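*Asks:* Questions regarding the structure given below will be posed in turn.
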Amino acid sequence: MDIEQLMPHIEALVFASERPITRMEISDLLGQAFEESMDEERIATCIDAIREKYEAAYYPFQLREIGGGYQFLTKKEYHKTVLQLNGDKHIKKLSTAAMETLSIIAYKQPITKAEIEFIRGVSVDYSIQKLLDKELVVIAGRNEEMVGKPLIYNTSKNFMDYLGINSPVQLPQLKDITNIEIIMPTNGSEAIPENMPSLVVAKDGSLLHTED
């Protein structure tokens with residue numbers, strides 16, 4: 001079967017799939033349908049051709065690679081229109097606190113609750129629970145090197161699917177979306193001047209003298 005004949009079958013699989021469909025799944029399903037082995041390189045060529053086809057301005061959707069697979073997604077300029085159909089049902093606005101917490105997790109993951117609270121300066125228990133309920137973040141395990149082995153959080157596959165990305169690496173760079181210089185806190189040991197004399201303290205806590 002040549003490329004032109006194969007393309008509509010791949011389009012049908014992507015269209016019918018409720019989730020991003022991987023190249024391997026496409027190859028396996030086509031192999032079962034036509035009872036012959038499907039060359040993955042030929043599948044890749046078809047996918048590239050389909051992607052190029054739907055980049056044309058008169059199509060309101062495009063083929064995107066997200067979550068490790070492929071899916072047809074509405075182009076950005078039509079998002080507001082499509083949201084009128086079912087946006088209220090599927091997209092609930094997050095509070096400012098939840099958005100701030102989600103942003104910290106997205107850019108600093110994997111991260112513990114204590115680290116998030118250190119950055120925000122307030123408790124994030126409620127925000128994290130809301131993000132877990134909405135399946136925007138997941139518990140990714142525990143930090144074995146920290147005292148108490150606290151839980152660590154990552155953004156979820158749903159979060160990446162919603163943004164149309166495959167990895168947190170594809171998130172916009174902070175320097176591209178803000179002019180604010182982000183300054184991380186200095187460790188106490190790094191803040192001590194090099195020439196500052198050391199203190200000699202008695203057992204009762206009183207200062208005896210300083211050494212040159």
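We label chains A, B, ... in the order they appear in the structure tokens, count residues from 1 in each chain, and number ligands from 1 in the order shown.
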Find the residues around Pro8 in chain A up to 10 Å (only C-alpha atoms counted), leave out those fewer than 6 positions away in its own chain, and share them as JSON, numbers by chain.

*Replies:* {"A": [14, 46, 50]}

*Asks:* Since we have the selection now, will you write its residues out, keeping C-alpha atoms, as a CSV table (one decimal), in the first residue's frame?

*Replies:*
chain,number,residue,atom,x,y,z
A,14,VAL,CA,-6.1,9.4,15.0
A,46,CYS,CA,2.7,9.4,6.4
A,50,ILE,CA,-0.6,14.4,7.4

*Asks:* Write out as a ChimeraX atom specification which residues come within 12 Å of Lys113 in chain A when counting only C-alpha atoms, dropping same-chain ones fewer than 5 positions away.

*Replies:* /A:101-102,104-105,108,118-129,139,142-143,149-154

*Asks:* Skip range 69-75 of chain A itself and residues of its chain fewer than 4 positions away, then list as a PDB file with N, CA and C atoms, in the first residue's frame all residues within 9 Å of it, counting only C-alpha atoms.

*Replies:*
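Now in around-v9.pdb:
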ATOM      1  N   GLU A  11      -5.247   8.749   9.413  1.00  0.00           N
ATOM      2  CA  GLU A  11      -6.100   9.863   9.851  1.00  0.00           C
ATOM      3  C   GLU A  11      -7.326   9.335  10.592  1.00  0.00           C
ATOM      4  N   VAL A  14      -6.316   8.226  14.159  1.00  0.00           N
ATOM      5  CA  VAL A  14      -6.072   9.377  15.031  1.00  0.00           C
ATOM      6  C   VAL A  14      -7.390  10.032  15.404  1.00  0.00           C
ATOM      7  N   PHE A  15      -8.283  10.180  14.435  1.00  0.00           N
ATOM      8  CA  PHE A  15      -9.578  10.823  14.663  1.00  0.00           C
ATOM      9  C   PHE A  15     -10.433  10.012  15.641  1.00  0.00           C
ATOM     10  N   SER A  17      -9.467   7.768  17.923  1.00  0.00           N
ATOM     11  CA  SER A  17      -8.876   7.490  19.230  1.00  0.00           C
ATOM     12  C   SER A  17      -9.268   8.554  20.249  1.00  0.00           C
ATOM     13  N   GLU A  18      -9.648   8.126  21.454  1.00  0.00           N
ATOM     14  CA  GLU A  18     -10.052   9.053  22.505  1.00  0.00           C
ATOM     15  C   GLU A  18      -8.851   9.668  23.212  1.00  0.00           C
ATOM     16  N   ARG A  19      -7.672   9.166  22.944  1.00  0.00           N
ATOM     17  CA  ARG A  19      -6.446   9.680  23.560  1.00  0.00           C
ATOM     18  C   ARG A  19      -5.350   9.719  22.494  1.00  0.00           C
ATOM     19  N   PRO A  20      -4.249  10.400  22.767  1.00  0.00           N
ATOM     20  CA  PRO A  20      -3.157  10.408  21.779  1.00  0.00           C
ATOM     21  C   PRO A  20      -2.720   8.980  21.443  1.00  0.00           C
ATOM     22  N   ILE A  21      -2.635   8.672  20.169  1.00  0.00           N
ATOM     23  CA  ILE A  21      -2.291   7.325  19.724  1.00  0.00           C
ATOM     24  C   ILE A  21      -0.832   7.312  19.262  1.00  0.00           C
ATOM     25  N   THR A  22      -0.082   6.323  19.705  1.00  0.00           N
ATOM     26  CA  THR A  22       1.346   6.284  19.413  1.00  0.00           C
ATOM     27  C   THR A  22       1.611   5.709  18.025  1.00  0.00           C
ATOM     28  N   ARG A  23       2.815   5.951  17.539  1.00  0.00           N
ATOM     29  CA  ARG A  23       3.210   5.442  16.228  1.00  0.00           C
ATOM     30  C   ARG A  23       3.194   3.914  16.218  1.00  0.00           C
ATOM     31  N   ILE A  47       2.746  10.245   8.663  1.00  0.00           N
ATOM     32  CA  ILE A  47       2.405  11.176   9.742  1.00  0.00           C
ATOM     33  C   ILE A  47       2.931  12.574   9.413  1.00  0.00           C
ATOM     34  N   TYR A  59      -7.842  24.659   7.276  1.00  0.00           N
ATOM     35  CA  TYR A  59      -8.236  23.621   8.247  1.00  0.00           C
ATOM     36  C   TYR A  59      -8.243  24.231   9.650  1.00  0.00           C
ATOM     37  N   PRO A  60      -9.329  24.050  10.430  1.00  0.00           N
ATOM     38  CA  PRO A  60      -9.376  24.620  11.775  1.00  0.00           C
ATOM     39  C   PRO A  60      -8.659  23.773  12.822  1.00  0.00           C
ATOM     40  N   PHE A  61      -8.150  22.614  12.434  1.00  0.00           N
ATOM     41  CA  PHE A  61      -7.441  21.747  13.366  1.00  0.00           C
ATOM     42  C   PHE A  61      -6.127  21.291  12.744  1.00  0.00           C
ATOM     43  N   GLN A  62      -5.289  20.676  13.565  1.00  0.00           N
ATOM     44  CA  GLN A  62      -3.981  20.240  13.108  1.00  0.00           C
ATOM     45  C   GLN A  62      -3.586  18.944  13.819  1.00  0.00           C
ATOM     46  N   LEU A  63      -2.634  18.242  13.267  1.00  0.00           N
ATOM     47  CA  LEU A  63      -2.119  17.029  13.903  1.00  0.00           C
ATOM     48  C   LEU A  63      -0.991  17.443  14.832  1.00  0.00           C
ATOM     49  N   ARG A  64      -1.121  17.079  16.111  1.00  0.00           N
ATOM     50  CA  ARG A  64      -0.099  17.441  17.092  1.00  0.00           C
ATOM     51  C   ARG A  64       0.415  16.200  17.801  1.00  0.00           C
ATOM     52  N   GLU A  65       1.685  16.218  18.147  1.00  0.00           N
ATOM     53  CA  GLU A  65       2.274  15.140  18.934  1.00  0.00           C
ATOM     54  C   GLU A  65       2.249  15.566  20.386  1.00  0.00           C
ATOM     55  N   HIS A  79      -9.835  28.373  19.590  1.00  0.00           N
ATOM     56  CA  HIS A  79     -10.054  27.890  20.956  1.00  0.00           C
ATOM     57  C   HIS A  79     -11.255  28.568  21.619  1.00  0.00           C
ATOM     58  N   VAL A  82     -14.555  27.114  20.347  1.00  0.00           N
ATOM     59  CA  VAL A  82     -14.813  25.748  20.800  1.00  0.00           C
ATOM     60  C   VAL A  82     -15.171  25.724  22.285  1.00  0.00           C
ATOM     61  N   GLY A 164      -0.688  20.769  25.158  1.00  0.00           N
ATOM     62  CA  GLY A 164      -0.216  20.303  23.862  1.00  0.00           C
ATOM     63  C   GLY A 164       1.287  20.114  23.815  1.00  0.00           C
ATOM     64  N   ASN A 166       4.796  17.491  25.100  1.00  0.00           N
ATOM     65  CA  ASN A 166       5.174  16.125  25.442  1.00  0.00           C
ATOM     66  C   ASN A 166       5.965  16.043  26.731  1.00  0.00           C
TER      67      ASN A 166
END

*Asks:* Work out how far CA of Tyr162 in chain A is from CA of Leu94 in chain A, in Å to one decimal.

*Replies:*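 Value for the CA of Leu94 in chain A-CA of Tyr162 in chain A distance: 14.1 Å.
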
*Asks:* If you run DSSP on the backbone here, which positions in range 6-54 of chain A get helix (DSSP H, G or I)? Please write them as a PyMOL selection string.

*Replies:* chain A and resi 6-16+23-34+40-53

*Asks:* As a CSV table (one decimal) with C-alpha atoms, in the first residue's frame, please: the residues near Tyr107 in chain A (cut-off 9 Å, only C-alpha atoms, same-chain neighbours under 4 positions excluded).

*Replies:*
chain,number,residue,atom,x,y,z
A,102,LEU,CA,0.7,24.7,39.7
A,103,SER,CA,3.3,27.1,38.1
A,168,PRO,CA,7.9,19.9,30.9
A,169,VAL,CA,11.0,20.8,28.9
A,171,LEU,CA,7.2,24.8,28.7
A,174,LEU,CA,10.5,32.2,32.0

*Asks:* I'd like to know which of A:Met160, A:Glu52, A:Leu29, A:Lys93 is closest to Ile66 in chain A, using only C-alpha atoms.

*Replies:* A:Met160

*Asks:* Check the smallest atom-to-atom distance from each of A:Leu83, A:Ile116, A:Thr96, A:Gly67 to Asp161 in chain A using only C-alpha atoms, then report the winner.

*Replies:*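 For Asp161 in chain A, the nearest of the candidates is A:Gly67.
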